[in-house]
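Below is one structure, written out as structure tokens; the observations come after it.
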Amino acid sequence: MKPSTNRMLTRIKSIYMFIFERGTVTTQQLVDEFGITPRTIQRDLNVLSYNDLVSSPSRGKWTTTKRKVKISS
């Protein structure tokens, strides 16, 4: 796997865990926490949403779904 792909997957996993631990977060909280652009956060959230791992109950807010996830290190 390319280093950039590995870095992206690690970041997406970190974003998922951040949302999971806090319940509901805003896009801006994710931008502030991870220090990346809102567009990059949105791309990562799109990946998580496509895989039914997060949902947006209202514009700009994100929460995890009930889908079971096995987290590996």
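Identifiers in the structure tokens: chain A, B, ... in order shown; residue index from 1 per chain; ligand index from 1 in order shown.
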| said: Show me, as an NGL selection string, the residues that have an atom within 12 Å of Val25 (chain A) when counting only C-alpha atoms, minus same-chain residues fewer than 2 positions from it. | reply: :A and (15-23 or 27-33 or 45 or 54-64)
Using C-alpha atoms, can you write the selected residues to a file as an mmCIF file, in the first residue's frame?
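Below you can see part-v1.cif, which holds the result:
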data_model
loop_
_atom_site.group_PDB
_atom_site.id
_atom_site.type_symbol
_atom_site.label_atom_id
_atom_site.label_comp_id
_atom_site.auth_asym_id
_atom_site.auth_seq_id
_atom_site.Cartn_x
_atom_site.Cartn_y
_atom_site.Cartn_z
ATOM 1 C CA ILE A 15 -11.739 10.803 12.639
ATOM 2 C CA TYR A 16 -14.159 7.925 13.175
ATOM 3 C CA MET A 17 -12.808 7.290 16.691
ATOM 4 C CA PHE A 18 -12.999 11.012 17.529
ATOM 5 C CA ILE A 19 -16.684 11.098 16.529
ATOM 6 C CA PHE A 20 -17.397 7.777 18.269
ATOM 7 C CA GLU A 21 -15.886 8.956 21.559
ATOM 8 C CA ARG A 22 -17.708 12.308 21.565
ATOM 9 C CA GLY A 23 -21.105 11.315 20.211
ATOM 10 C CA THR A 27 -17.207 19.675 10.907
ATOM 11 C CA GLN A 28 -15.377 22.663 12.418
ATOM 12 C CA GLN A 29 -14.437 20.643 15.517
ATOM 13 C CA LEU A 30 -12.860 18.045 13.220
ATOM 14 C CA VAL A 31 -10.971 20.744 11.291
ATOM 15 C CA ASP A 32 -9.659 22.194 14.562
ATOM 16 C CA GLU A 33 -8.743 18.798 16.043
ATOM 17 C CA LEU A 45 -16.547 12.076 6.070
ATOM 18 C CA VAL A 54 -21.278 8.061 10.200
ATOM 19 C CA SER A 55 -24.362 10.096 9.435
ATOM 20 C CA SER A 56 -25.250 13.755 9.525
ATOM 21 C CA PRO A 57 -28.383 14.369 11.632
ATOM 22 C CA SER A 58 -28.216 18.053 10.710
ATOM 23 C CA ARG A 59 -26.061 20.168 8.464
ATOM 24 C CA GLY A 60 -22.466 20.325 9.687
ATOM 25 C CA LYS A 61 -22.934 17.807 12.519
ATOM 26 C CA TRP A 62 -21.806 14.198 12.482
ATOM 27 C CA THR A 63 -22.467 11.128 14.586
ATOM 28 C CA THR A 64 -21.606 7.443 14.276
#
| Looking only at the backbone, which of the residues in chain A does DSSP tag as strand (DSSP E), as a ChimeraX atom specification? | /A:24-26,54-58,61-64
Would you put the residues from that selection into a file with all heavy atoms, as a short mmCIF file (atom, residue, chain, number, x, y, z; two decimals), in the first residue's frame?
data_model
loop_
_atom_site.label_atom_id
_atom_site.label_comp_id
_atom_site.auth_asym_id
_atom_site.auth_seq_id
_atom_site.Cartn_x
_atom_site.Cartn_y
_atom_site.Cartn_z
N THR A 24 -21.58 13.38 19.05
CA THR A 24 -21.86 14.23 17.90
C THR A 24 -20.83 15.36 17.87
O THR A 24 -20.54 15.97 18.90
CB THR A 24 -23.28 14.83 18.00
OG1 THR A 24 -24.22 13.75 18.05
CG2 THR A 24 -23.59 15.70 16.80
N VAL A 25 -20.27 15.59 16.70
CA VAL A 25 -19.29 16.67 16.54
C VAL A 25 -19.64 17.48 15.30
O VAL A 25 -20.37 17.02 14.42
CB VAL A 25 -17.85 16.12 16.40
CG1 VAL A 25 -17.44 15.34 17.62
CG2 VAL A 25 -17.68 15.30 15.15
N THR A 26 -19.09 18.69 15.24
CA THR A 26 -19.27 19.52 14.06
C THR A 26 -18.08 19.35 13.12
O THR A 26 -16.99 18.93 13.54
CB THR A 26 -19.40 21.00 14.42
OG1 THR A 26 -18.16 21.44 15.00
CG2 THR A 26 -20.54 21.24 15.41
N VAL A 54 -20.84 6.81 9.59
CA VAL A 54 -21.28 8.06 10.20
C VAL A 54 -22.48 8.58 9.43
O VAL A 54 -22.70 8.22 8.27
CB VAL A 54 -20.17 9.15 10.22
CG1 VAL A 54 -18.97 8.70 11.02
CG2 VAL A 54 -19.77 9.57 8.83
N SER A 55 -23.24 9.43 10.10
CA SER A 55 -24.36 10.10 9.43
C SER A 55 -24.42 11.53 9.93
O SER A 55 -23.84 11.87 10.96
CB SER A 55 -25.68 9.38 9.71
OG SER A 55 -25.99 9.45 11.08
N SER A 56 -25.12 12.35 9.18
CA SER A 56 -25.25 13.75 9.52
C SER A 56 -26.70 14.04 9.90
O SER A 56 -27.55 14.19 9.01
CB SER A 56 -24.82 14.61 8.34
OG SER A 56 -24.92 15.98 8.65
N PRO A 57 -27.01 14.11 11.21
CA PRO A 57 -28.38 14.37 11.63
C PRO A 57 -28.85 15.78 11.27
O PRO A 57 -30.03 16.02 11.11
CB PRO A 57 -28.36 14.15 13.14
CG PRO A 57 -26.93 14.34 13.54
CD PRO A 57 -26.10 13.94 12.35
N SER A 58 -27.91 16.70 11.16
CA SER A 58 -28.22 18.05 10.71
C SER A 58 -26.98 18.62 10.04
O SER A 58 -25.86 18.14 10.27
CB SER A 58 -28.67 18.94 11.87
OG SER A 58 -27.64 19.07 12.83
N LYS A 61 -23.12 18.63 11.32
CA LYS A 61 -22.93 17.81 12.52
C LYS A 61 -22.87 16.35 12.11
O LYS A 61 -23.56 15.93 11.18
CB LYS A 61 -24.08 18.03 13.51
CG LYS A 61 -24.08 19.42 14.07
CD LYS A 61 -25.06 19.56 15.19
CE LYS A 61 -24.95 20.97 15.74
NZ LYS A 61 -25.75 21.16 16.91
N TRP A 62 -22.05 15.60 12.83
CA TRP A 62 -21.81 14.20 12.48
C TRP A 62 -21.88 13.32 13.71
O TRP A 62 -21.44 13.71 14.79
CB TRP A 62 -20.43 14.07 11.82
CG TRP A 62 -20.38 14.81 10.54
CD1 TRP A 62 -20.00 16.12 10.37
CD2 TRP A 62 -20.77 14.33 9.27
NE1 TRP A 62 -20.14 16.45 9.06
CE2 TRP A 62 -20.60 15.39 8.35
CE3 TRP A 62 -21.25 13.11 8.81
CZ2 TRP A 62 -20.89 15.25 7.00
CZ3 TRP A 62 -21.53 12.97 7.46
CH2 TRP A 62 -21.36 14.03 6.58
N THR A 63 -22.40 12.12 13.52
CA THR A 63 -22.47 11.13 14.59
C THR A 63 -22.23 9.75 13.97
O THR A 63 -22.39 9.57 12.76
CB THR A 63 -23.82 11.19 15.32
OG1 THR A 63 -23.77 10.35 16.46
CG2 THR A 63 -24.98 10.79 14.42
N THR A 64 -21.82 8.80 14.79
CA THR A 64 -21.61 7.44 14.28
C THR A 64 -22.94 6.73 14.15
O THR A 64 -23.91 7.07 14.82
CB THR A 64 -20.66 6.63 15.19
OG1 THR A 64 -21.19 6.63 16.51
CG2 THR A 64 -19.26 7.22 15.18
#
| Distance CA of Ser72 (chain A)-CA of Arg39 (chain A), one decimal place? | 26.6 Å
| task | May I have all residues of chain A that DSSP, computed from the backbone, assigns to alpha helix (DSSP H), given as a ChimeraX atom specification? | result | /A:3-22,27-34,38-50
Keeping C-alpha atoms for every residue in the selection just given, could you write it to a file as a PDB file, in the first residue's frame?
ATOM      1  CA  PRO A   3       2.313   5.651   2.086  1.00  0.00           C
ATOM      2  CA  SER A   4      -0.265   8.300   1.151  1.00  0.00           C
ATOM      3  CA  THR A   5      -3.058   5.694   1.179  1.00  0.00           C
ATOM      4  CA  ASN A   6      -1.909   4.389   4.537  1.00  0.00           C
ATOM      5  CA  ARG A   7      -1.820   7.947   5.919  1.00  0.00           C
ATOM      6  CA  MET A   8      -5.346   8.617   4.613  1.00  0.00           C
ATOM      7  CA  LEU A   9      -6.745   5.408   6.142  1.00  0.00           C
ATOM      8  CA  THR A  10      -5.091   6.194   9.474  1.00  0.00           C
ATOM      9  CA  ARG A  11      -6.599   9.697   9.412  1.00  0.00           C
ATOM     10  CA  ILE A  12     -10.076   8.378   8.555  1.00  0.00           C
ATOM     11  CA  LYS A  13      -9.860   5.856  11.392  1.00  0.00           C
ATOM     12  CA  SER A  14      -8.821   8.650  13.780  1.00  0.00           C
ATOM     13  CA  ILE A  15     -11.739  10.803  12.639  1.00  0.00           C
ATOM     14  CA  TYR A  16     -14.159   7.925  13.175  1.00  0.00           C
ATOM     15  CA  MET A  17     -12.808   7.290  16.691  1.00  0.00           C
ATOM     16  CA  PHE A  18     -12.999  11.012  17.529  1.00  0.00           C
ATOM     17  CA  ILE A  19     -16.684  11.098  16.529  1.00  0.00           C
ATOM     18  CA  PHE A  20     -17.397   7.777  18.269  1.00  0.00           C
ATOM     19  CA  GLU A  21     -15.886   8.956  21.559  1.00  0.00           C
ATOM     20  CA  ARG A  22     -17.708  12.308  21.565  1.00  0.00           C
ATOM     21  CA  THR A  27     -17.207  19.675  10.907  1.00  0.00           C
ATOM     22  CA  GLN A  28     -15.377  22.663  12.418  1.00  0.00           C
ATOM     23  CA  GLN A  29     -14.437  20.643  15.517  1.00  0.00           C
ATOM     24  CA  LEU A  30     -12.860  18.045  13.220  1.00  0.00           C
ATOM     25  CA  VAL A  31     -10.971  20.744  11.291  1.00  0.00           C
ATOM     26  CA  ASP A  32      -9.659  22.194  14.562  1.00  0.00           C
ATOM     27  CA  GLU A  33      -8.743  18.798  16.043  1.00  0.00           C
ATOM     28  CA  PHE A  34      -6.949  17.379  13.012  1.00  0.00           C
ATOM     29  CA  PRO A  38     -12.502  21.550   5.665  1.00  0.00           C
ATOM     30  CA  ARG A  39     -12.449  20.003   2.172  1.00  0.00           C
ATOM     31  CA  THR A  40     -10.193  17.149   3.311  1.00  0.00           C
ATOM     32  CA  ILE A  41     -12.425  16.557   6.331  1.00  0.00           C
ATOM     33  CA  GLN A  42     -15.450  16.496   4.017  1.00  0.00           C
ATOM     34  CA  ARG A  43     -13.793  13.922   1.739  1.00  0.00           C
ATOM     35  CA  ASP A  44     -12.997  11.717   4.729  1.00  0.00           C
ATOM     36  CA  LEU A  45     -16.547  12.076   6.070  1.00  0.00           C
ATOM     37  CA  ASN A  46     -17.866  11.114   2.637  1.00  0.00           C
ATOM     38  CA  VAL A  47     -15.857   7.869   2.820  1.00  0.00           C
ATOM     39  CA  LEU A  48     -17.213   7.147   6.307  1.00  0.00           C
ATOM     40  CA  SER A  49     -20.748   8.031   5.265  1.00  0.00           C
ATOM     41  CA  TYR A  50     -20.568   5.902   2.101  1.00  0.00           C
TER      42      TYR A  50
END
